[in-house]
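Enquirer: Structure: target.cif, mmCIF, C-alpha atoms and all ligand atoms.
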```cif
data_entry
#
loop_
_atom_site.group_PDB
_atom_site.id
_atom_site.type_symbol
_atom_site.label_atom_id
_atom_site.label_comp_id
_atom_site.auth_asym_id
_atom_site.auth_seq_id
_atom_site.Cartn_x
_atom_site.Cartn_y
_atom_site.Cartn_z
ATOM 1 C CA MET A 1 98.211 96.352 59.202
ATOM 2 C CA ALA A 2 101.199 97.453 61.228
ATOM 3 C CA VAL A 3 102.767 94.772 63.359
ATOM 4 C CA ARG A 4 104.041 95.687 66.764
ATOM 5 C CA THR A 5 106.828 93.806 68.430
ATOM 6 C CA SER A 6 105.331 94.272 71.851
ATOM 7 C CA VAL A 7 104.837 91.113 73.824
ATOM 8 C CA SER A 8 102.784 92.731 76.536
ATOM 9 C CA ASN A 9 100.023 90.735 78.060
ATOM 10 C CA THR A 10 96.938 92.302 76.561
ATOM 11 C CA ARG A 11 94.403 90.728 78.867
ATOM 12 C CA GLY A 12 93.381 92.089 82.212
ATOM 13 C CA GLY A 13 95.610 95.153 82.120
ATOM 14 C CA THR A 14 95.435 97.604 84.986
ATOM 15 C CA LEU A 15 94.443 101.150 84.148
ATOM 16 C CA TYR A 16 94.342 104.349 86.098
ATOM 17 C CA MET A 17 91.947 106.037 83.722
ATOM 18 C CA ALA A 18 88.815 104.855 81.993
ATOM 19 C CA LYS A 19 85.896 106.439 80.208
ATOM 20 C CA SER A 20 82.177 106.114 80.515
ATOM 21 C CA ILE A 21 80.512 104.439 77.560
ATOM 22 C CA LEU A 22 77.347 106.310 78.424
ATOM 23 C CA ASP A 23 78.561 109.885 78.101
ATOM 24 C CA GLY A 24 82.272 109.757 77.309
ATOM 25 C CA THR A 25 83.341 111.158 80.664
ATOM 26 C CA GLU A 26 86.962 110.351 81.440
ATOM 27 C CA TRP A 27 87.644 109.238 84.971
ATOM 28 C CA THR A 28 90.782 108.671 86.922
ATOM 29 C CA ALA A 29 90.482 105.825 89.379
ATOM 30 C CA THR A 30 90.930 108.238 92.256
ATOM 31 C CA GLU A 31 88.132 110.490 91.010
ATOM 32 C CA PHE A 32 85.884 107.531 90.448
ATOM 33 C CA ALA A 33 86.513 106.281 93.960
ATOM 34 C CA GLY A 34 85.218 109.624 95.231
ATOM 35 C CA LEU A 35 81.814 109.302 93.610
ATOM 36 C CA LEU A 36 78.722 108.619 95.632
ATOM 37 C CA PRO A 37 77.988 104.889 95.920
ATOM 38 C CA GLU A 38 74.913 105.086 93.717
ATOM 39 C CA GLU A 39 76.828 106.992 91.046
ATOM 40 C CA GLN A 40 79.558 104.383 91.100
ATOM 41 C CA ARG A 41 77.043 101.590 90.845
ATOM 42 C CA VAL A 42 75.525 102.980 87.656
ATOM 43 C CA THR A 43 78.710 104.090 85.946
ATOM 44 C CA ARG A 44 80.994 101.199 86.825
ATOM 45 C CA GLN A 45 79.030 98.894 84.564
ATOM 46 C CA GLU A 46 79.607 101.146 81.583
ATOM 47 C CA LEU A 47 83.344 101.724 81.558
ATOM 48 C CA ALA A 48 85.862 101.249 78.796
ATOM 49 C CA CYS A 49 89.549 101.718 78.062
ATOM 50 C CA LEU A 50 90.313 105.202 76.714
ATOM 51 C CA SER A 51 92.315 103.815 73.846
ATOM 52 C CA CYS A 52 90.824 100.567 72.637
ATOM 53 C CA ASP A 53 87.288 100.659 74.065
ATOM 54 C CA GLY A 54 87.862 97.323 75.758
ATOM 55 C CA ARG A 55 85.479 96.735 78.611
ATOM 56 C CA ALA A 56 86.797 97.988 81.937
ATOM 57 C CA VAL A 57 85.767 97.496 85.536
ATOM 58 C CA PHE A 58 86.525 99.559 88.597
ATOM 59 C CA ARG A 59 88.457 97.980 91.421
ATOM 60 C CA ALA A 60 88.917 99.349 94.875
ATOM 61 C CA GLY A 61 89.468 98.074 98.349
ATOM 62 C CA GLN A 62 90.722 99.079 101.727
ATOM 63 C CA GLN A 63 94.185 97.754 101.055
ATOM 64 C CA ARG A 64 94.835 98.952 97.572
ATOM 65 C CA GLN A 65 94.984 101.933 95.317
ATOM 66 C CA PRO A 66 91.814 102.371 93.265
ATOM 67 C CA SER A 67 92.258 101.249 89.686
ATOM 68 C CA PHE A 68 90.461 99.954 86.668
ATOM 69 C CA ALA A 69 91.020 96.599 85.045
ATOM 70 C CA ALA A 70 90.355 96.318 81.351
ATOM 71 C CA ARG A 71 90.291 93.704 78.676
ATOM 72 C CA HIS A 72 92.360 95.451 76.071
ATOM 73 C CA ARG A 73 92.418 94.743 72.427
ATOM 74 C CA GLN A 74 95.729 93.655 71.016
ATOM 75 C CA ASP A 75 96.468 96.975 69.383
ATOM 76 C CA CYS A 76 95.727 99.009 72.486
ATOM 77 C CA ARG A 77 98.191 101.832 72.887
ATOM 78 C CA LEU A 78 97.893 101.853 76.674
ATOM 79 C CA VAL A 79 99.086 98.283 76.861
ATOM 80 C CA SER A 80 101.824 98.368 74.257
ATOM 81 C CA ARG A 81 103.317 101.592 75.486
ATOM 82 C CA PRO A 82 102.519 102.317 79.136
ATOM 83 C CA TRP A 83 102.134 105.949 80.046
ATOM 84 C CA SER A 84 105.027 106.857 82.259
ATOM 85 C CA ALA A 85 102.958 109.203 84.407
ATOM 86 C CA PHE A 86 100.544 106.454 85.270
ATOM 87 C CA ARG A 87 103.315 104.045 86.011
ATOM 88 C CA PHE A 88 104.801 106.620 88.334
ATOM 89 C CA LEU A 89 101.478 107.020 90.132
ATOM 90 C CA ALA A 90 101.076 103.286 90.440
ATOM 91 C CA GLU A 91 104.486 102.848 91.968
ATOM 92 C CA ALA A 92 104.029 105.783 94.301
ATOM 93 C CA GLY A 93 100.745 104.315 95.450
ATOM 94 C CA ARG A 94 102.354 101.072 96.483
ATOM 95 C CA GLY A 95 104.603 102.886 98.889
ATOM 96 C CA ALA A 96 107.551 100.712 97.825
HETATM 97 ZN ZN ZN A 101 92.943 99.394 76.063
#
```
Please, can you express the file's structure as structure tokens?
Ligand SMILES: [Zn+2]
Expert:
Amino acid sequence: MAVRTSVSNTRGGTLYMAKSILDGTEWTATEFAGLLPEEQRVTRQELACLSCDGRAVFRAGQQRQPSFAARHRQDCRLVSRPWSAFRFLAEAGRGA
């Protein structure tokens, strides 16, 4: 087994994409936030990280950018090597 030197916290990582366990649909947090409430209610219980299949939940609020929070596995690629595009979006969303 390959050993990574990453020391990233692998628990509770924030994601801006997740997939549905039910049908494999890939959602961005912004797209998911635009679903009808009943669609969100069904799908949000069946979300997972795109990379490691760790369970994910949707988070949204009036004050914050929509996002997903996932419990990643230790070898998750999205945790050990953050996607620069998503990091850019996250920072842009905070309005610095
Ligand atoms: Zn993951």
Enquirer: Can you translate the PyMOL selection byres (((chain A and resi 14) around 6) and not hetatm) into the concrete residues it hits in this file, as a list of chain:residue names?
Expert: A:Gly13, A:Leu15, A:Phe68, A:Ala69
Enquirer: Show me which residues line ligand ZN 101 (chain A), defined as having an atom within 8 Å of a ligand atom where all atoms listed in the file count, and present them as a PyMOL selection string.
Expert: chain A and resi 13+48-54+70-73+75-79
Enquirer: Could you check how far atom CA of Ile21 of chain A sits from atom CA of Thr43 of chain A, in Å to one decimal?
Expert: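 Computed distance, atom CA of Ile21 of chain A to atom CA of Thr43 of chain A, equals 8.6 Å.
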Enquirer: Set the distance at 10 Å and use all atoms listed in the file: which residues neighbour Ser67 of chain A once local chain neighbours fewer than 4 positions away are removed? I'd like the list as an NGL selection string.
Expert: :A and (14-18 or 28-30 or 32-33 or 57-61 or 90)
Enquirer: For a test of reading the model, state the distance in Å between atom CA of Arg44 of chain A and atom CA of Gln65 of chain A, rounded to one decimal.
Expert: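 That distance, rounded to one decimal, is 16.4 Å.
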